[in-house]
$ cat coords.pdb   # PDB, C-alpha atoms
ATOM      1  CA  MET A 293      12.769  38.594 -15.531
ATOM      2  CA  ALA A 294      10.745  39.352 -12.427
ATOM      3  CA  LYS A 295       9.666  36.737  -9.908
ATOM      4  CA  LEU A 296       6.081  35.602 -10.300
ATOM      5  CA  ALA A 297       4.376  35.127  -6.943
ATOM      6  CA  THR A 298       2.691  31.794  -6.258
ATOM      7  CA  PRO A 299      -0.645  33.295  -5.121
ATOM      8  CA  LYS A 300      -0.878  35.438  -8.283
ATOM      9  CA  LEU A 301      -0.038  32.472 -10.526
ATOM     10  CA  THR A 302      -2.623  30.324  -8.743
ATOM     11  CA  ARG A 303      -5.297  33.021  -9.121
ATOM     12  CA  VAL A 304      -4.586  33.347 -12.840
ATOM     13  CA  LEU A 305      -4.710  29.548 -13.168
ATOM     14  CA  ASN A 306      -8.092  29.414 -11.390
ATOM     15  CA  VAL A 307      -9.505  32.158 -13.637
ATOM     16  CA  ALA A 308      -8.264  30.309 -16.730
ATOM     17  CA  ILE A 309      -9.862  27.059 -15.482
ATOM     18  CA  GLU A 310     -13.164  28.853 -14.782
ATOM     19  CA  ARG A 311     -13.158  30.283 -18.296
ATOM     20  CA  GLN A 312     -12.223  26.983 -19.965
ATOM     21  CA  ALA A 313     -11.945  23.752 -17.973
ATOM     22  CA  PRO A 314      -9.395  21.154 -19.087
ATOM     23  CA  PRO A 315     -10.919  18.408 -21.240
ATOM     24  CA  ARG A 316     -11.546  14.970 -19.818
ATOM     25  CA  SER A 317      -9.365  12.055 -20.723
ATOM     26  CA  GLY A 318     -11.524   9.020 -20.085
ATOM     27  CA  LEU A 319     -13.592   9.138 -16.922
ATOM     28  CA  ILE A 320     -11.390  11.473 -14.885
ATOM     29  CA  ARG A 321     -11.195  15.247 -15.334
ATOM     30  CA  PRO A 322      -7.754  16.721 -14.582
ATOM     31  CA  LYS A 323      -7.744  18.808 -11.387
ATOM     32  CA  MET A 324      -5.237  21.639 -11.249
ATOM     33  CA  ARG A 325      -4.550  22.674  -7.662
ATOM     34  CA  TYR A 326      -1.942  25.462  -7.749
ATOM     35  CA  ALA A 327       0.901  26.935  -9.802
ATOM     36  CA  HIS A 328       4.346  28.305  -8.915
ATOM     37  CA  GLN A 329       7.397  29.544 -10.751
ATOM     38  CA  GLY A 330       9.883  26.775 -11.452
ATOM     39  CA  GLY A 331      12.598  28.720 -13.271
ATOM     40  CA  MET A 332      13.479  32.250 -14.319
ATOM     41  CA  ASN A 333      15.293  32.083 -17.652
ATOM     42  CA  PRO A 334      13.187  31.006 -19.531
ATOM     43  CA  PRO A 335      10.252  31.349 -17.141
ATOM     44  CA  ILE A 336       8.792  27.981 -16.189
ATOM     45  CA  ILE A 337       5.400  27.689 -14.527
ATOM     46  CA  VAL A 338       4.818  24.428 -12.677
ATOM     47  CA  VAL A 339       1.184  23.376 -12.245
ATOM     48  CA  HIS A 340       0.413  20.812  -9.529
ATOM     49  CA  GLY A 341      -2.676  18.619  -9.494
ATOM     50  CA  ASN A 342      -4.185  15.209 -10.169
ATOM     51  CA  ALA A 343      -4.604  13.326 -13.464
ATOM     52  CA  LEU A 344      -2.492  15.817 -15.433
ATOM     53  CA  ASP A 345      -0.838  13.133 -17.573
ATOM     54  CA  ASN A 346      -3.193  13.478 -20.533
ATOM     55  CA  ILE A 347      -3.546  17.266 -20.857
ATOM     56  CA  PRO A 348      -3.602  18.046 -24.598
ATOM     57  CA  GLU A 349      -1.094  20.444 -26.174
ATOM     58  CA  SER A 350      -3.920  22.798 -27.113
ATOM     59  CA  TYR A 351      -4.823  23.333 -23.442
ATOM     60  CA  THR A 352      -1.150  23.879 -22.558
ATOM     61  CA  ARG A 353      -0.953  26.553 -25.281
ATOM     62  CA  TYR A 354      -4.119  28.126 -23.853
ATOM     63  CA  LEU A 355      -2.504  28.345 -20.404
ATOM     64  CA  GLU A 356       0.743  29.741 -21.838
ATOM     65  CA  HIS A 357      -1.213  32.418 -23.727
ATOM     66  CA  THR A 358      -3.177  33.325 -20.587
ATOM     67  CA  PHE A 359      -0.042  33.642 -18.419
ATOM     68  CA  ARG A 360       1.753  35.705 -21.112
ATOM     69  CA  LYS A 361      -1.202  38.070 -21.430
ATOM     70  CA  VAL A 362      -1.707  38.618 -17.672
ATOM     71  CA  PHE A 363       1.966  39.004 -16.722
ATOM     72  CA  LYS A 364       2.933  40.890 -19.937
ATOM     73  CA  LEU A 365       5.569  38.376 -21.036
ATOM     74  CA  GLN A 366       5.310  39.039 -24.787
ATOM     75  CA  GLY A 367       8.265  37.652 -26.717
ATOM     76  CA  THR A 368       9.393  35.435 -23.833
ATOM     77  CA  PRO A 369       9.546  31.658 -24.326
ATOM     78  CA  LEU A 370       7.253  30.597 -21.482
ATOM     79  CA  ARG A 371       6.992  26.911 -20.536
ATOM     80  CA  VAL A 372       4.260  25.158 -18.539
ATOM     81  CA  GLN A 373       5.108  21.909 -16.741
ATOM     82  CA  TYR A 374       2.748  19.573 -14.907
ATOM     83  CA  LYS A 375       3.448  17.700 -11.664
ATOM     84  CA  THR A 376       1.082  14.975 -10.571
ATOM     85  CA  ALA A 377       0.889  13.924  -6.946
ATOM     86  CA  GLU A 378       1.437  10.227  -6.322
ATOM     87  CA  ASN A 379      -1.174   8.300  -4.381
ATOM     88  CA  PRO A 380       0.616   6.500  -1.518
ATOM     89  CA  PHE A 381      -2.177   3.914  -1.299
ATOM     90  CA  ASP A 382      -2.237   3.075  -5.000
ATOM     91  CA  THR A 383       0.396   0.330  -5.409
ATOM     92  CA  GLU A 384      -0.052  -3.312  -4.468
ATOM     93  CA  ALA A 385       3.473  -3.532  -3.039
ATOM     94  CA  ASP A 386       2.671  -0.926  -0.389
ATOM     95  CA  LYS A 387      -0.483  -2.784   0.592
ATOM     96  CA  GLU A 388       1.424  -6.030   1.095
ATOM     97  CA  LYS A 389       4.135  -4.333   3.166
ATOM     98  CA  SER A 390       1.633  -2.725   5.518
ATOM     99  CA  ARG A 391      -0.247  -5.956   6.279
ATOM    100  CA  ALA A 392       0.653  -7.874   9.404
ATOM    101  CA  LYS A 393       2.368 -11.111   8.535
ATOM    102  CA  PRO A 394       0.588 -14.219   9.862
ATOM    103  CA  LYS A 395       2.501 -16.476  12.226
ATOM    104  CA  PRO A 396       3.630 -19.796  10.797
ATOM    105  CA  MET A 397       1.359 -22.718  11.711
ATOM    106  CA  SER A 398       4.255 -24.808  13.017
ATOM    107  CA  LYS A 399       4.673 -22.480  16.021
ATOM    108  CA  LEU A 400       0.964 -22.581  16.902
ATOM    109  CA  LYS A 401       0.521 -26.363  16.637
ATOM    110  CA  GLY A 402       1.711 -27.366  20.086
ATOM    111  CA  ARG A 403      -0.213 -24.693  21.991
ATOM    112  CA  GLU A 404      -3.660 -25.154  23.372
ATOM    113  CA  LYS A 405      -6.266 -22.664  22.333
ATOM    114  CA  GLU A 406      -7.473 -20.564  25.247
ATOM    115  CA  THR A 407     -10.735 -18.610  25.116
ATOM    116  CA  ARG A 408     -12.790 -16.711  27.646
ATOM    117  CA  TRP A 409     -14.498 -19.980  28.645
ATOM    118  CA  GLY A 410     -11.279 -21.773  29.366
ATOM    119  CA  LYS A 411      -8.954 -24.043  27.424
ATOM    120  CA  ASN A 412     -10.020 -25.306  23.993
ATOM    121  CA  GLY A 413     -13.295 -23.342  24.119
ATOM    122  CA  LYS A 414     -15.010 -25.665  26.613
ATOM    123  CA  LYS A 415     -16.961 -24.316  29.591
TER     124      LYS A 415
END
$ encode --input "coords.pdb" --output "structure tokens"
Amino acid sequence: MAKLATPKLTRVLNVAIERQAPPRSGLIRPKMRYAHQGGMNPPIIVVHGNALDNIPESYTRYLEHTFRKVFKLQGTPLRVQYKTAENPFDTEADKEKSRAKPKPMSKLKGREKETRWGKNGKK
């Protein structure tokens, strides 16, 4: 089994998407960014992108058929896998960690408030 170059796989993927775009699942259309070879025996093609969780089996078969035809892999059990990038700003836990924690009120109680006009905001 020969190595399949990433640029060639990505070009074939883009041509396949231009010919037949992946169907929508809800409001978001899956966006396939690039493809690379994940394994050699059997050949595995890994497709990276966003919202690839709900790609139907029929579209996966379409991609397998396209890759087999272009790279002349007749009789080879080709597999297509999808990898979805994780959004680092998506989870609530990350948002809470990144926020600055407010100081407890007990430490601020005894201090006088100082502004640009002087102490306690008085001129």
$ atom_distance --input "coords.pdb" --atom1 "CA of Ala294 (chain A)" --atom2 "CA of Gln312 (chain A)"
27.2 Å
$ closest_residue --input "coords.pdb" --among "A:Lys300, A:Leu355, A:Gln373, A:Asp382" --to "His340 (chain A)" --atoms "all atoms listed in the file"
A:Gln373
$ resolve_selection --input "coords.pdb" --expression "the PyMOL selection byres ((chain A and resi 320-334) around 10)" --output "JSON, numbers by chain"
{"A": [293, 294, 295, 296, 297, 298, 299, 300, 301, 302, 303, 304, 305, 306, 309, 313, 314, 315, 316, 317, 318, 319, 335, 336, 337, 338, 339, 340, 341, 342, 343, 344, 345, 346, 347, 368, 369, 370, 371, 372, 373, 374, 375, 376]}
$ axis_aligned_box --input "coords.pdb" --around "region 357-365 of chain A" --padding-each-side "4 Å" --output "AutoDock Vina command-line options"
--center_x 1.2 --center_y 36.7 --center_z -20.2 --size_x 16.7 --size_y 16.5 --size_z 15.0
$ atom_distance --input "coords.pdb" --atom1 "CA of Tyr354 (chain A)" --atom2 "CA of Arg311 (chain A)"
10.8 Å
$ atom_distance --input "coords.pdb" --atom1 "CA of Tyr351 (chain A)" --atom2 "CA of Pro380 (chain A)"
28.2 Å
